[in-house]
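**Student:** I have a structure I would like to understand better, so I am pasting it below and will then ask my questions one at a time.
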Amino acid sequence: MAEAVSCGGIVIYKWKILLLYKNQNGRYIGWVLPKGTVEEGEQRFETALREVKEESGSKANIIKYVGKTQYSFHSDNGIVNKTVHWYLMETDSFYSKPQSEEYFADSGFYKFHEAYHLLKFNDERQILKKAYQIFSEIHSSSFFEDRNFFKSYD
């Protein structure tokens, strides 16, 4: 049994989440979050940032580590146990361009409820839910400080 490690991002811009649509050789795969394999000498957070940029063209910044998901799949060499480390990220643009070399046919930013229902895999839906909750807590707790709401206007 082989082990594999990937890293990915839940990328948000103006409360919308970046998704990629994968269609390999005319075979429907579905909507997914950007992620990919850790390269030798790379830190996990570096992999996540690189993969988001490569697969979507989106330049994002990490806000926080969210957690990991795990699953198994069959390959030509037998069963592979895969761990994916996820990072909550934010970008400053709706720009995205799907990486055709990785069979991504479309990309875009979607409202939470749309993204949640579009995602093909349950583990990605669950990590999205966790990341969006963290994002909401961060933004609601800093609402007043960030906007100087109580600033005195003498």
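Going by the structure tokens order, chains are called A, B, ..., each with residues numbered from 1, while ligands are numbered from 1 in the order shown.
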So that I can see what lies close to range 90-105 of chain A, please list as a list in words the residues with an atom at most 7 Å from it, counting only C-alpha atoms and leaving out residues fewer than 6 positions away in the same chain.
**Tutor:**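 Result of the neighbour search: Val11, Ile12, Tyr13, Leu20, Tyr21, Lys22, Asn23, Gln24, Glu54, Glu55, Ser56, Gly57, Ser58, Lys59, Ala60, Asn61, Ile62 and Ile63 of chain A.
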**Student:** Restrict the selected residues to C-alpha atoms and save them as a JSON list (two decimals), in the first residue's frame.
**Tutor:**
[["chain", "number", "residue", "atom", "x", "y", "z"],
["A", 11, "VAL", "CA", -9.56, 30.23, -1.99],
["A", 12, "ILE", "CA", -12.03, 33.03, -1.21],
["A", 13, "TYR", "CA", -12.65, 36.36, -2.87],
["A", 20, "LEU", "CA", -12.23, 23.95, -10.78],
["A", 21, "TYR", "CA", -14.13, 21.72, -13.21],
["A", 22, "LYS", "CA", -12.23, 18.61, -14.28],
["A", 23, "ASN", "CA", -13.14, 16.77, -17.47],
["A", 24, "GLN", "CA", -10.50, 14.20, -18.40],
["A", 54, "GLU", "CA", -0.73, 26.43, -11.34],
["A", 55, "GLU", "CA", -4.22, 24.92, -11.51],
["A", 56, "SER", "CA", -6.26, 28.13, -11.43],
["A", 57, "GLY", "CA", -3.97, 31.06, -12.21],
["A", 58, "SER", "CA", -5.13, 32.65, -8.95],
["A", 59, "LYS", "CA", -2.48, 34.23, -6.73],
["A", 60, "ALA", "CA", -3.64, 33.73, -3.17],
["A", 61, "ASN", "CA", -2.36, 34.29, 0.35],
["A", 62, "ILE", "CA", -2.73, 31.82, 3.19],
["A", 63, "ILE", "CA", -4.91, 32.86, 6.10]]
**Student:** For Leu128 in chain A, find every residue with an atom within 9 Å (counting only C-alpha atoms), except residues of its own chain fewer than 3 positions away, and show them as a list in words.
**Tutor:**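 In the requested format, the answer is Ile10, Ile17, Leu33, Leu88, Phe112, Ala115, Tyr116, Asp123, Glu124, Arg125, Ala131, Tyr132 and Gln133 of chain A.
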**Student:** Could you tell me, as a ChimeraX atom specification, which residues of range 19-115 of chain A DSSP assigns to strand (DSSP E or B) when given the backbone?
**Tutor:** /A:19-24,27-32,35-37,60-75,78-91,104-110
**Student:** Can I get the selected residues back with C-alpha atoms, as a short mmCIF file (atom, residue, chain, number, x, y, z; two decimals), in the first residue's frame?
**Tutor:**
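As a result, part-v9.cif now contains:
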data_model
loop_
_atom_site.label_atom_id
_atom_site.label_comp_id
_atom_site.auth_asym_id
_atom_site.auth_seq_id
_atom_site.Cartn_x
_atom_site.Cartn_y
_atom_site.Cartn_z
CA LEU A 19 -13.72 25.81 -7.82
CA LEU A 20 -12.23 23.95 -10.78
CA TYR A 21 -14.13 21.72 -13.21
CA LYS A 22 -12.23 18.61 -14.28
CA ASN A 23 -13.14 16.77 -17.47
CA GLN A 24 -10.50 14.20 -18.40
CA ARG A 27 -14.97 11.76 -18.95
CA TYR A 28 -16.83 13.82 -16.36
CA ILE A 29 -14.84 14.15 -13.15
CA GLY A 30 -16.63 17.11 -11.54
CA TRP A 31 -16.03 20.29 -9.56
CA VAL A 32 -13.09 20.17 -7.15
CA LYS A 35 -4.75 20.69 -4.79
CA GLY A 36 -1.65 18.76 -5.77
CA THR A 37 1.33 16.68 -4.78
CA ALA A 60 -3.64 33.73 -3.17
CA ASN A 61 -2.36 34.29 0.35
CA ILE A 62 -2.73 31.82 3.19
CA ILE A 63 -4.91 32.86 6.10
CA LYS A 64 -4.82 29.68 8.17
CA TYR A 65 -4.26 25.92 8.09
CA VAL A 66 -7.68 24.25 8.13
CA GLY A 67 -6.94 20.54 8.51
CA LYS A 68 -6.52 17.39 6.50
CA THR A 69 -8.68 14.91 4.64
CA GLN A 70 -7.81 11.30 3.92
CA TYR A 71 -9.03 8.80 1.38
CA SER A 72 -7.87 5.74 -0.57
CA PHE A 73 -8.02 4.97 -4.26
CA HIS A 74 -6.88 2.25 -6.65
CA SER A 75 -4.01 2.93 -9.03
CA GLY A 78 -2.38 -0.98 -6.04
CA ILE A 79 -4.14 0.94 -3.30
CA VAL A 80 -2.94 4.45 -2.44
CA ASN A 81 -3.73 6.10 0.90
CA LYS A 82 -3.82 9.85 0.31
CA THR A 83 -3.67 12.68 2.84
CA VAL A 84 -4.54 16.20 1.69
CA HIS A 85 -3.58 19.19 3.85
CA TRP A 86 -5.89 22.19 3.33
CA TYR A 87 -5.26 25.91 3.76
CA LEU A 88 -7.78 28.73 3.91
CA MET A 89 -6.67 31.37 1.41
CA GLU A 90 -7.77 34.75 0.19
CA THR A 91 -7.12 36.42 -3.16
CA PHE A 104 -9.41 21.47 -15.95
CA ALA A 105 -12.04 22.74 -18.38
CA ASP A 106 -13.55 25.56 -16.30
CA SER A 107 -13.07 27.55 -13.12
CA GLY A 108 -14.91 30.20 -11.18
CA PHE A 109 -15.89 31.67 -7.85
CA TYR A 110 -19.18 30.56 -6.31
#
**Student:** If DSSP is run on the backbone, what residues of chain A are helix (DSSP H, G or I)? A reply as a JSON list (two decimals) with C-alpha atoms, in the first residue's frame would be ideal.
**Tutor:**
[["chain", "number", "residue", "atom", "x", "y", "z"],
["A", 44, "ARG", "CA", 3.21, 21.95, 2.66],
["A", 45, "PHE", "CA", 2.10, 25.59, 2.58],
["A", 46, "GLU", "CA", 4.38, 26.18, -0.44],
["A", 47, "THR", "CA", 2.75, 23.26, -2.25],
["A", 48, "ALA", "CA", -0.72, 24.62, -1.54],
["A", 49, "LEU", "CA", 0.16, 28.09, -2.88],
["A", 50, "ARG", "CA", 1.93, 26.65, -5.94],
["A", 51, "GLU", "CA", -0.89, 24.27, -6.81],
["A", 52, "VAL", "CA", -3.55, 26.98, -6.52],
["A", 53, "LYS", "CA", -1.50, 29.21, -8.83],
["A", 54, "GLU", "CA", -0.73, 26.43, -11.34],
["A", 55, "GLU", "CA", -4.22, 24.92, -11.51],
["A", 56, "SER", "CA", -6.26, 28.13, -11.43],
["A", 100, "SER", "CA", -5.81, 22.53, -19.34],
["A", 101, "GLU", "CA", -2.73, 20.29, -18.92],
["A", 102, "GLU", "CA", -4.37, 18.93, -15.77],
["A", 112, "PHE", "CA", -20.91, 29.04, -0.43],
["A", 113, "HIS", "CA", -24.17, 27.14, -0.97],
["A", 114, "GLU", "CA", -23.45, 26.81, -4.71],
["A", 115, "ALA", "CA", -19.88, 25.63, -4.15],
["A", 116, "TYR", "CA", -20.97, 23.20, -1.45],
["A", 117, "HIS", "CA", -23.47, 21.51, -3.77],
["A", 118, "LEU", "CA", -21.23, 21.61, -6.85],
["A", 122, "ASN", "CA", -17.87, 14.75, 0.31],
["A", 123, "ASP", "CA", -14.49, 15.23, 2.02],
["A", 124, "GLU", "CA", -14.01, 18.46, 0.05],
["A", 125, "ARG", "CA", -17.51, 19.63, 1.02],
["A", 126, "GLN", "CA", -16.69, 19.05, 4.69],
["A", 127, "ILE", "CA", -13.34, 20.88, 4.56],
["A", 128, "LEU", "CA", -15.04, 23.74, 2.68],
["A", 129, "LYS", "CA", -17.64, 23.98, 5.44],
["A", 130, "LYS", "CA", -14.92, 24.11, 8.11],
["A", 131, "ALA", "CA", -12.83, 26.68, 6.20],
["A", 132, "TYR", "CA", -15.82, 28.92, 5.51],
["A", 133, "GLN", "CA", -16.76, 28.86, 9.19],
["A", 134, "ILE", "CA", -13.22, 29.92, 10.11],
["A", 135, "PHE", "CA", -13.32, 32.65, 7.46],
["A", 136, "SER", "CA", -16.67, 33.91, 8.80],
["A", 137, "GLU", "CA", -15.40, 33.97, 12.39],
["A", 138, "ILE", "CA", -12.25, 35.84, 11.41],
["A", 139, "HIS", "CA", -14.17, 38.47, 9.49],
["A", 140, "SER", "CA", -16.99, 38.93, 12.01],
["A", 141, "SER", "CA", -14.63, 39.24, 14.99],
["A", 143, "PHE", "CA", -15.41, 43.90, 11.81],
["A", 144, "PHE", "CA", -15.16, 46.80, 14.23],
["A", 145, "GLU", "CA", -11.37, 46.92, 14.57],
["A", 146, "ASP", "CA", -10.68, 46.78, 10.83]]
**Student:** Quick one, how far is CA of Pro34 in chain A from CA of Lys120 in chain A?
**Tutor:** 12.7 Å
**Student:** Kindly give the distance, in Å, that separates CA of Glu42 in chain A and CA of Ser6 in chain A, rounded to a single decimal.
**Tutor:** 11.2 Å
